file final_21.tsv (TSV, C-alpha atoms)
chain	number	residue	atom	x	y	z
A	1	MET	CA	231.94	48.53	-14.82
A	2	SER	CA	228.70	46.57	-15.26
A	3	THR	CA	225.51	48.24	-16.42
A	4	LEU	CA	223.43	49.16	-13.39
A	5	PRO	CA	219.75	48.12	-13.27
A	6	ILE	CA	218.81	51.78	-12.69
A	7	GLN	CA	220.33	52.65	-16.07
A	8	THR	CA	217.43	50.89	-17.79
A	9	LEU	CA	215.21	53.66	-16.37
A	10	PHE	CA	217.80	56.44	-16.45
A	11	PRO	CA	220.49	55.65	-19.05
A	12	HIS	CA	222.55	58.64	-17.88
A	13	ALA	CA	222.52	57.62	-14.19
A	14	SER	CA	225.89	57.85	-12.48
A	15	SER	CA	227.44	54.83	-10.78
A	16	LEU	CA	227.52	56.76	-7.48
A	17	VAL	CA	224.74	58.57	-5.63
A	18	TYR	CA	225.34	61.72	-3.61
A	19	GLY	CA	223.49	61.42	-0.29
A	20	CYS	CA	222.30	64.82	0.94
A	21	MET	CA	221.86	63.90	4.61
A	22	GLY	CA	224.73	66.16	5.67
A	23	LEU	CA	223.35	69.33	4.10
A	24	GLY	CA	221.41	72.03	5.91
A	25	GLY	CA	223.35	72.25	9.16
A	26	SER	CA	222.45	70.51	12.40
A	27	TRP	CA	219.76	67.99	13.25
A	28	SER	CA	217.83	70.54	15.28
A	29	ASP	CA	215.23	73.27	14.91
A	30	GLU	CA	218.01	75.82	14.46
A	31	PRO	CA	217.43	77.59	11.11
A	32	TYR	CA	219.86	77.06	8.26
A	33	GLN	CA	222.14	79.91	7.25
A	34	SER	CA	223.33	81.33	3.94
A	35	THR	CA	226.55	79.36	4.47
A	36	HIS	CA	224.52	76.14	4.31
A	37	VAL	CA	222.96	77.19	1.00
A	38	LYS	CA	226.43	77.99	-0.33
A	39	GLN	CA	227.63	74.57	0.83
A	40	ALA	CA	224.78	72.92	-1.08
A	41	GLN	CA	225.70	74.89	-4.20
A	42	GLN	CA	229.33	73.81	-3.91
A	43	VAL	CA	228.41	70.18	-3.31
A	44	ILE	CA	226.10	70.08	-6.34
A	45	ASP	CA	228.77	71.69	-8.54
A	46	CYS	CA	231.44	69.29	-7.28
A	47	ALA	CA	229.24	66.23	-7.77
A	48	LEU	CA	228.21	67.18	-11.31
A	49	ASP	CA	231.73	68.25	-12.28
A	50	ASN	CA	232.94	64.80	-11.22
A	51	GLY	CA	230.25	62.81	-12.96
A	52	ILE	CA	227.74	62.28	-10.13
A	53	ASN	CA	224.24	63.31	-11.24
A	54	PHE	CA	222.17	61.23	-8.80
A	55	PHE	CA	221.03	62.93	-5.56
A	56	ASP	CA	219.43	61.19	-2.60
A	57	HIS	CA	217.20	62.98	-0.07
A	58	ALA	CA	214.72	62.20	2.69
A	59	ASP	CA	212.09	64.47	4.16
A	60	ILE	CA	213.65	64.06	7.62
A	61	TYR	CA	217.28	64.89	6.78
A	62	THR	CA	218.41	67.66	9.14
A	63	PHE	CA	214.72	68.12	9.95
A	64	GLY	CA	213.88	69.09	6.37
A	65	LYS	CA	216.71	71.59	6.01
A	66	ALA	CA	218.69	69.37	3.64
A	67	GLU	CA	215.91	69.56	1.07
A	68	GLN	CA	215.43	73.27	1.69
A	69	VAL	CA	219.04	74.31	1.07
A	70	PHE	CA	219.24	72.01	-1.95
A	71	GLY	CA	216.06	73.62	-3.24
A	72	HIS	CA	217.50	77.11	-2.81
A	73	ALA	CA	220.57	76.04	-4.77
A	74	LEU	CA	218.47	74.35	-7.44
A	75	ALA	CA	216.33	77.47	-7.92
A	76	GLN	CA	219.45	79.30	-9.07
A	77	ARG	CA	220.30	76.69	-11.69
A	78	ASN	CA	218.81	75.53	-14.98
A	79	ASP	CA	220.10	71.96	-15.05
A	80	ARG	CA	217.39	70.06	-13.15
A	81	GLU	CA	216.85	67.75	-16.14
A	82	GLN	CA	220.47	66.61	-15.92
A	83	MET	CA	219.89	65.36	-12.37
A	84	ILE	CA	218.14	62.34	-10.95
A	85	ILE	CA	216.57	63.30	-7.63
A	86	GLN	CA	215.03	60.85	-5.21
A	87	SER	CA	213.60	61.42	-1.76
A	88	LYS	CA	212.23	59.21	0.99
A	89	CYS	CA	209.18	59.38	3.20
A	90	GLY	CA	207.68	57.40	6.04
A	91	ILE	CA	209.66	58.25	9.19
A	92	ARG	CA	208.01	60.59	11.71
A	93	PHE	CA	209.84	61.90	14.77
A	94	ASP	CA	208.20	62.00	18.19
A	95	ASP	CA	205.71	64.84	18.57
A	96	ASN	CA	202.58	65.71	20.51
A	97	LEU	CA	200.74	62.93	18.68
A	98	GLY	CA	203.06	60.06	19.55
A	99	PRO	CA	206.59	58.59	19.65
A	100	LYS	CA	209.01	58.20	16.76
A	101	ARG	CA	207.13	56.02	14.31
A	102	TYR	CA	206.76	54.93	10.71
A	103	ASP	CA	203.86	56.13	8.60
A	104	LEU	CA	203.17	54.87	5.10
A	105	SER	CA	199.51	55.89	5.14
A	106	ALA	CA	198.10	57.58	2.05
A	107	LYS	CA	197.68	60.86	3.91
A	108	TRP	CA	201.30	60.98	5.11
A	109	ILE	CA	202.83	59.88	1.80
A	110	LYS	CA	200.91	62.59	-0.07
A	111	HIS	CA	201.85	65.19	2.55
A	112	SER	CA	205.51	64.19	2.41
A	113	VAL	CA	205.72	64.28	-1.38
A	114	ASP	CA	204.08	67.70	-1.62
A	115	ASN	CA	206.33	69.01	1.13
A	116	SER	CA	209.49	67.59	-0.44
A	117	LEU	CA	208.62	69.04	-3.85
A	118	ALA	CA	208.05	72.45	-2.30
A	119	GLN	CA	211.31	72.32	-0.35
A	120	LEU	CA	213.31	71.04	-3.32
A	121	ASN	CA	211.80	73.57	-5.74
A	122	CYS	CA	210.99	70.63	-8.01
A	123	ASP	CA	207.90	69.74	-10.01
A	124	TYR	CA	208.55	66.01	-9.64
A	125	LEU	CA	210.68	63.36	-7.98
A	126	ASP	CA	212.40	60.89	-10.25
A	127	ILE	CA	212.02	58.25	-7.53
A	128	LEU	CA	210.06	58.20	-4.28
A	129	LEU	CA	211.45	55.77	-1.69
A	130	LEU	CA	209.53	54.33	1.25
A	131	HIS	CA	212.08	54.90	4.01
A	132	ARG	CA	211.30	52.06	6.44
A	133	PRO	CA	208.80	49.20	6.51
A	134	ASP	CA	205.70	50.32	8.37
A	135	PRO	CA	204.11	47.40	10.29
A	136	LEU	CA	200.73	49.04	9.66
A	137	MET	CA	201.26	49.60	5.94
A	138	ASP	CA	198.52	48.54	3.55
A	139	VAL	CA	200.15	47.70	0.23
A	140	ASN	CA	196.95	48.35	-1.71
A	141	GLU	CA	196.64	51.79	-0.13
A	142	ILE	CA	200.28	52.50	-0.96
A	143	ALA	CA	199.74	51.34	-4.53
A	144	GLN	CA	196.73	53.62	-5.04
A	145	THR	CA	198.59	56.55	-3.50
A	146	TYR	CA	201.71	56.06	-5.60
A	147	LEU	CA	199.75	55.61	-8.82
A	148	SER	CA	197.76	58.79	-8.14
A	149	LEU	CA	201.01	60.71	-7.51
A	150	LYS	CA	202.47	59.28	-10.69
A	151	GLN	CA	199.39	60.22	-12.71
A	152	ALA	CA	199.65	63.76	-11.31
A	153	GLY	CA	203.24	63.94	-12.54
A	154	LYS	CA	204.68	64.33	-9.05
A	155	VAL	CA	206.58	61.00	-8.93
A	156	LYS	CA	208.02	58.96	-11.79
A	157	HIS	CA	209.04	55.73	-10.03
A	158	LEU	CA	208.70	54.02	-6.65
A	159	GLY	CA	211.46	52.45	-4.60
A	160	VAL	CA	212.02	51.27	-1.06
A	161	SER	CA	214.65	51.37	1.63
A	162	ASN	CA	215.48	48.76	4.27
A	163	MET	CA	212.95	46.20	3.00
A	164	GLN	CA	213.19	42.45	2.44
A	165	GLN	CA	212.05	40.61	-0.65
A	166	TYR	CA	208.61	39.58	0.60
A	167	GLN	CA	207.67	43.15	1.47
A	168	MET	CA	208.92	44.23	-1.95
A	169	GLN	CA	207.01	41.50	-3.75
A	170	ALA	CA	203.79	42.42	-1.94
A	171	LEU	CA	204.16	46.02	-3.12
A	172	VAL	CA	204.90	44.93	-6.68
A	173	ASN	CA	201.83	42.69	-6.72
A	174	ALA	CA	199.65	45.58	-5.55
A	175	ILE	CA	201.16	48.23	-7.83
A	176	GLY	CA	201.52	46.16	-10.97
A	177	GLU	CA	204.93	47.55	-11.87
A	178	PRO	CA	208.49	46.90	-10.71
A	179	LEU	CA	210.23	48.81	-7.95
A	180	ALA	CA	213.18	50.94	-8.99
A	181	VAL	CA	215.43	50.81	-5.93
A	182	ASN	CA	216.07	49.16	-2.58
A	183	GLN	CA	218.48	51.13	-0.40
A	184	ILE	CA	220.16	49.05	2.33
A	185	GLU	CA	223.03	49.57	4.77
A	186	MET	CA	225.98	47.82	3.13
A	187	SER	CA	229.69	48.41	3.52
A	188	LEU	CA	232.98	46.75	4.29
A	189	GLN	CA	232.11	47.25	7.96
A	190	GLN	CA	228.44	46.28	7.67
A	191	HIS	CA	229.06	43.18	5.61
A	192	SER	CA	226.18	40.95	6.69
A	193	PHE	CA	224.85	41.06	3.11
A	194	VAL	CA	227.86	38.90	2.22
A	195	ASP	CA	227.86	36.89	5.45
A	196	GLU	CA	224.25	35.83	4.91
A	197	GLY	CA	225.25	33.79	1.88
A	198	VAL	CA	228.61	32.63	3.17
A	199	TYR	CA	227.13	31.22	6.38
A	200	ALA	CA	224.03	29.63	4.83
A	201	GLY	CA	223.32	26.44	6.77
A	202	ASN	CA	226.16	27.19	9.17
A	203	GLN	CA	225.34	27.58	12.87
A	204	ALA	CA	228.00	30.31	13.12
A	205	GLY	CA	225.74	32.53	11.03
A	206	SER	CA	222.57	32.11	13.06
A	207	ASP	CA	222.69	35.67	14.40
A	208	ILE	CA	223.24	37.42	11.06
A	209	ASN	CA	220.53	40.02	10.59
A	210	PHE	CA	220.14	40.19	6.84
A	211	ALA	CA	217.20	39.05	4.73
A	212	PRO	CA	218.00	35.80	2.87
A	213	GLY	CA	217.31	36.00	-0.84
A	214	MET	CA	216.90	39.78	-1.01
A	215	LEU	CA	219.99	40.28	-3.18
A	216	GLU	CA	218.95	37.50	-5.53
A	217	TYR	CA	215.41	38.89	-5.74
A	218	CYS	CA	216.70	42.34	-6.66
A	219	GLN	CA	219.02	40.87	-9.29
A	220	ALA	CA	216.25	38.79	-10.84
A	221	GLU	CA	213.74	41.65	-10.84
A	222	LYS	CA	216.29	44.29	-11.89
A	223	VAL	CA	215.81	46.37	-8.76
A	224	GLN	CA	218.74	48.71	-8.17
A	225	ILE	CA	220.46	48.02	-4.86
A	226	GLN	CA	221.85	51.20	-3.30
A	227	SER	CA	224.14	51.03	-0.29
A	228	TRP	CA	223.93	53.59	2.49
A	229	GLY	CA	226.78	53.95	4.98
A	230	SER	CA	229.09	53.01	2.11
A	231	LEU	CA	232.19	54.78	3.46
A	232	CYS	CA	231.88	53.36	7.00
A	233	GLN	CA	231.82	56.85	8.55
A	234	GLY	CA	235.51	57.20	7.70
A	235	GLN	CA	236.54	54.34	9.98
A	236	TYR	CA	238.96	52.97	7.36
A	237	THR	CA	240.07	56.31	5.91
A	238	GLY	CA	241.43	58.18	8.89
A	239	ALA	CA	238.58	58.58	11.37
A	240	ALA	CA	239.31	55.51	13.50
A	241	THR	CA	240.29	56.27	17.09
A	242	GLU	CA	242.94	54.50	19.14
A	243	GLN	CA	240.10	52.66	20.87
A	244	ALA	CA	238.88	51.14	17.60
A	245	SER	CA	239.12	47.38	17.23
A	246	GLN	CA	242.18	45.61	15.94
A	247	ALA	CA	240.20	44.60	12.84
A	248	ILE	CA	239.49	48.26	12.02
A	249	HIS	CA	243.14	49.27	12.40
A	250	GLN	CA	244.29	46.26	10.41
A	251	THR	CA	241.78	46.93	7.66
A	252	SER	CA	242.66	50.63	7.53
A	253	LYS	CA	246.26	49.67	6.77
A	254	LEU	CA	245.14	47.24	4.08
A	255	VAL	CA	242.89	49.87	2.48
A	256	ALA	CA	245.80	52.34	2.41
A	257	LYS	CA	248.11	49.70	0.93
A	258	LEU	CA	245.67	48.83	-1.84
A	259	ALA	CA	244.96	52.50	-2.55
A	260	SER	CA	248.67	52.99	-3.14
A	261	GLU	CA	248.90	49.85	-5.25
A	262	TYR	CA	245.95	50.80	-7.49
A	263	GLY	CA	246.91	54.49	-7.54
A	264	VAL	CA	243.54	55.67	-6.21
A	265	SER	CA	242.06	57.09	-3.01
A	266	ALA	CA	241.24	55.01	0.05
A	267	GLU	CA	237.58	55.95	-0.47
A	268	ALA	CA	237.71	54.44	-3.95
A	269	ILE	CA	238.93	51.13	-2.52
A	270	LEU	CA	235.98	50.95	-0.10
A	271	LEU	CA	233.51	51.71	-2.90
A	272	ALA	CA	235.23	49.29	-5.28
A	273	TRP	CA	234.76	46.54	-2.70
A	274	LEU	CA	231.00	47.14	-2.82
A	275	MET	CA	230.86	47.51	-6.59
A	276	ARG	CA	232.84	44.31	-7.18
A	277	HIS	CA	229.84	42.37	-5.85
A	278	PRO	CA	227.74	40.86	-8.68
A	279	SER	CA	224.51	42.42	-7.40
A	280	ASN	CA	225.60	45.70	-9.07
A	281	ILE	CA	225.51	47.93	-6.02
A	282	GLN	CA	225.18	51.69	-6.50
A	283	PRO	CA	226.88	53.26	-3.46
A	284	VAL	CA	225.52	56.36	-1.76
A	285	ILE	CA	228.22	58.71	-0.48
A	286	GLY	CA	227.37	61.37	2.09
A	287	THR	CA	230.51	63.39	2.66
A	288	THR	CA	230.31	67.18	2.34
A	289	ASN	CA	234.08	67.39	1.89
A	290	LEU	CA	234.58	68.40	-1.74
A	291	ALA	CA	237.99	66.74	-2.03
A	292	ARG	CA	236.53	63.53	-0.67
A	293	ILE	CA	233.63	63.63	-3.16
A	294	LYS	CA	236.18	63.84	-5.96
A	295	ALA	CA	238.25	61.08	-4.35
A	296	CYS	CA	235.22	58.79	-4.37
A	297	THR	CA	234.83	59.07	-8.15
A	298	GLU	CA	238.25	57.46	-8.60
A	299	VAL	CA	236.40	54.16	-8.11
A	300	ASN	CA	235.52	54.33	-11.80
A	301	LYS	CA	239.20	53.71	-12.61
A	302	LEU	CA	239.47	50.24	-11.11
A	303	GLN	CA	238.06	46.84	-10.41
A	304	LEU	CA	239.41	44.95	-7.44
A	305	SER	CA	240.89	41.54	-8.05
A	306	ARG	CA	239.10	38.57	-6.50
A	307	GLU	CA	242.01	38.12	-4.09
A	308	HIS	CA	241.99	41.75	-2.95
A	309	TRP	CA	238.20	41.66	-2.51
A	310	TYR	CA	238.51	38.63	-0.24
A	311	ALA	CA	241.47	40.13	1.61
A	312	LEU	CA	239.36	43.18	2.49
A	313	TYR	CA	236.35	41.06	3.44
A	314	VAL	CA	238.30	38.77	5.75
A	315	SER	CA	240.17	41.69	7.28
A	316	GLY	CA	236.93	43.57	7.90
A	317	LYS	CA	235.44	40.51	9.56
A	318	GLY	CA	238.51	40.00	11.70
A	319	VAL	CA	238.17	36.20	11.48
A	320	GLU	CA	239.02	33.54	8.92
A	321	LEU	CA	236.22	32.28	6.68
A	322	PRO	CA	234.62	28.94	7.65
call {"tool": "encode", "arguments": {"input": "final_21.tsv", "output": "structure tokens"}}
result
Amino acid sequence: MSTLPIQTLFPHASSLVYGCMGLGGSWSDEPYQSTHVKQAQQVIDCALDNGINFFDHADIYTFGKAEQVFGHALAQRNDREQMIIQSKCGIRFDDNLGPKRYDLSAKWIKHSVDNSLAQLNCDYLDILLLHRPDPLMDVNEIAQTYLSLKQAGKVKHLGVSNMQQYQMQALVNAIGEPLAVNQIEMSLQQHSFVDEGVYAGNQAGSDINFAPGMLEYCQAEKVQIQSWGSLCQGQYTGAATEQASQAIHQTSKLVAKLASEYGVSAEAILLAWLMRHPSNIQPVIGTTNLARIKACTEVNKLQLSREHWYALYVSGKGVELP
């Protein structure tokens, strides 16, 4: 496996990130239960026991309950320094003030960080991610806010999620230091990050919604690309319905065949497809199934051949390459 850009900041960083979006119960105002805290404890143990020490949060996950149950579990442990914990801010749900919106104002960033630290029972975040681009964001205001949080010891590094290279560059210019991470939806099913390059200058790719040059920018600037949605919601590992497309059924069979051939789990094949890409992707996995977490770590045993990588890509697309 290649050295990940994030390992220049955190040499002990795992090649996979555990995404905590599924912790804390339902996406509702219903309070979490002791069973949800126990689940968080089991997930943390399973991740660490299988070599995953990187945990991804957001202030909105299960309406804040994901951070809360993780924080309860963390309070009963003494291994915080072995973990890398990141959380995101900037998405606000509809309320009496307005509709669902993005907010990267100084006031909201500071509020979110303080709230996340309280919920996580942490003194600091290793990385703070800006969850979505806010059309009203002022990069100089963000820079001042981040640097004040860093000086206070509340945040060590800044990253982004779902941003293109020009937005990232504007932030870097204002802050005066590199970004740590850009987290983007990338998977065998959501493969427009590959299509964007393949169809460059080709009319057939005119409707691809992926930012040209973002991957190359991140590679050049050593920004860690993290992929969310990495396991395709189980579409290729048993969750596909009879109504799923022919491409999904065909690709599911190919994934199973390659898993057998390489002697690993189907999940490992999906993650290996991402990690075979030269942009050194660090996949985020979000399953709460302990066996599936362990299955994901089998990706560290293999590297897909060029031919198998292309076979999966073409199968996932459902059409021949141009």
call {"tool": "atom_distance", "arguments": {"input": "final_21.tsv", "atom1": "atom CA of A:Pro135", "atom2": "atom CA of A:Ala180"}}
result
21.6 Å
call {"tool": "closest_residue", "arguments": {"input": "final_21.tsv", "among": "A:Lys107, A:His72, A:Arg77, A:Arg306", "to": "A:Thr145", "atoms": "all atoms listed in the file"}}
result
A:Lys107
call {"tool": "closest_residue", "arguments": {"input": "final_21.tsv", "among": "A:Asn115, A:Gln219, A:Gln144, A:Gln226", "to": "A:Ser15", "atoms": "all atoms listed in the file"}}
result
A:Gln226
call {"tool": "closest_residue", "arguments": {"input": "final_21.tsv", "among": "A:Glu242, A:Glu67, A:Glu267, A:Asp56", "to": "A:Ser230", "atoms": "only C-alpha atoms"}}
result
A:Glu267
call {"tool": "residues_around", "arguments": {"input": "final_21.tsv", "residues": "A:Met163", "least_positions_apart": "4", "cutoff": "8 Å", "atoms": "all atoms listed in the file", "output": "JSON list (two decimals) with C-alpha atoms, keeping the file's coordinate frame"}}
result
[["chain", "number", "residue", "atom", "x", "y", "z"],
["A", 132, "ARG", "CA", 211.30, 52.06, 6.44],
["A", 133, "PRO", "CA", 208.80, 49.20, 6.51],
["A", 167, "GLN", "CA", 207.67, 43.15, 1.47],
["A", 168, "MET", "CA", 208.92, 44.23, -1.95],
["A", 182, "ASN", "CA", 216.07, 49.16, -2.58],
["A", 184, "ILE", "CA", 220.16, 49.05, 2.33]]
call {"tool": "axis_aligned_box", "arguments": {"input": "final_21.tsv", "around": "stretch 41-46 of chain A", "padding_each_side": "5 Å", "output": "lines of an AutoDock Vina configuration file"}}
result
center_x = 228.6
center_y = 72.1
center_z = -5.9
size_x = 15.7
size_y = 15.6
size_z = 15.2
call {"tool": "residues_around", "arguments": {"input": "final_21.tsv", "residues": "stretch 279-287 of chain A", "least_positions_apart": "5", "cutoff": "10 Å", "atoms": "only C-alpha atoms", "output": "number ranges by chain"}}
result
A: 1-6, 14-23, 43, 54-56, 181, 183-187, 215-220, 222-234, 267, 270-274, 292-293, 296
call {"tool": "closest_residue", "arguments": {"input": "final_21.tsv", "among": "A:Gly71, A:Gly318, A:Gly263, A:Gly153", "to": "A:Gln250", "atoms": "all atoms listed in the file"}}
result
A:Gly318
call {"tool": "closest_residue", "arguments": {"input": "final_21.tsv", "among": "A:Ser245, A:Asp59, A:Gln164, A:Lys110", "to": "A:Gly213", "atoms": "only C-alpha atoms"}}
result
A:Gln164
call {"tool": "atom_distance", "arguments": {"input": "final_21.tsv", "atom1": "atom CA of A:Arg80", "atom2": "atom CA of A:Asp45"}}
result
12.4 Å
call {"tool": "closest_residue", "arguments": {"input": "final_21.tsv", "among": "A:Ala13, A:Ala256, A:Ile85, A:Val37", "to": "A:His57", "atoms": "only C-alpha atoms"}}
result
A:Ile85
call {"tool": "atom_distance", "arguments": {"input": "final_21.tsv", "atom1": "atom CA of A:Phe210", "atom2": "atom CA of A:Leu130"}}
result
18.5 Å
call {"tool": "residues_near_point", "arguments": {"input": "final_21.tsv", "point": "(198.4, 61.8, 2.4)", "cutoff": "12 Å", "atoms": "only C-alpha atoms", "output": "list in words"}}
result
Cys89, Gly90, Asp103, Leu104, Ser105, Ala106, Lys107, Trp108, Ile109, Lys110, His111, Ser112, Val113, Asp114, Asn115, Glu141, Ile142, Gln144, Thr145, Tyr146, Ser148 and Leu149 of chain A
call {"tool": "residues_around", "arguments": {"input": "final_21.tsv", "residues": "A:Lys317", "least_positions_apart": "4", "cutoff": "9 Å", "atoms": "only C-alpha atoms", "output": "list in words"}}
result
Leu188, Gln189, His191, Ala247, Leu312, Tyr313 and Leu321 of chain A
call {"tool": "residues_around", "arguments": {"input": "final_21.tsv", "residues": "A:Tyr262", "least_positions_apart": "5", "cutoff": "10 Å", "atoms": "only C-alpha atoms", "output": "number ranges by chain"}}
result
A: 257, 268-269, 301-304
call {"tool": "write_last_selection", "arguments": {"input": "final_21.tsv", "atoms": "C-alpha atoms", "output": "mmCIF file, keeping the file's coordinate frame"}}
result
data_model
loop_
_atom_site.group_PDB
_atom_site.id
_atom_site.type_symbol
_atom_site.label_atom_id
_atom_site.label_comp_id
_atom_site.auth_asym_id
_atom_site.auth_seq_id
_atom_site.Cartn_x
_atom_site.Cartn_y
_atom_site.Cartn_z
ATOM 1 C CA LYS A 257 248.110 49.700 0.930
ATOM 2 C CA ALA A 268 237.710 54.440 -3.950
ATOM 3 C CA ILE A 269 238.930 51.130 -2.520
ATOM 4 C CA LYS A 301 239.200 53.710 -12.610
ATOM 5 C CA LEU A 302 239.470 50.240 -11.110
ATOM 6 C CA GLN A 303 238.060 46.840 -10.410
ATOM 7 C CA LEU A 304 239.410 44.950 -7.440
#
call {"tool": "residues_near_point", "arguments": {"input": "final_21.tsv", "point": "(205.6, 58.1, -15.0)", "cutoff": "12 Å", "atoms": "only C-alpha atoms", "output": "PyMOL selection string"}}
result
chain A and resi 9+124-128+146-158+177
call {"tool": "write_last_selection", "arguments": {"input": "final_21.tsv", "atoms": "C-alpha atoms", "output": "PDB file, in the frame of the given file"}}
result
ATOM      1  CA  LEU A   9     215.210  53.660 -16.370  1.00  0.00           C
ATOM      2  CA  TYR A 124     208.550  66.010  -9.640  1.00  0.00           C
ATOM      3  CA  LEU A 125     210.680  63.360  -7.980  1.00  0.00           C
ATOM      4  CA  ASP A 126     212.400  60.890 -10.250  1.00  0.00           C
ATOM      5  CA  ILE A 127     212.020  58.250  -7.530  1.00  0.00           C
ATOM      6  CA  LEU A 128     210.060  58.200  -4.280  1.00  0.00           C
ATOM      7  CA  TYR A 146     201.710  56.060  -5.600  1.00  0.00           C
ATOM      8  CA  LEU A 147     199.750  55.610  -8.820  1.00  0.00           C
ATOM      9  CA  SER A 148     197.760  58.790  -8.140  1.00  0.00           C
ATOM     10  CA  LEU A 149     201.010  60.710  -7.510  1.00  0.00           C
ATOM     11  CA  LYS A 150     202.470  59.280 -10.690  1.00  0.00           C
ATOM     12  CA  GLN A 151     199.390  60.220 -12.710  1.00  0.00           C
ATOM     13  CA  ALA A 152     199.650  63.760 -11.310  1.00  0.00           C
ATOM     14  CA  GLY A 153     203.240  63.940 -12.540  1.00  0.00           C
ATOM     15  CA  LYS A 154     204.680  64.330  -9.050  1.00  0.00           C
ATOM     16  CA  VAL A 155     206.580  61.000  -8.930  1.00  0.00           C
ATOM     17  CA  LYS A 156     208.020  58.960 -11.790  1.00  0.00           C
ATOM     18  CA  HIS A 157     209.040  55.730 -10.030  1.00  0.00           C
ATOM     19  CA  LEU A 158     208.700  54.020  -6.650  1.00  0.00           C
ATOM     20  CA  GLU A 177     204.930  47.550 -11.870  1.00  0.00           C
TER      21      GLU A 177
END
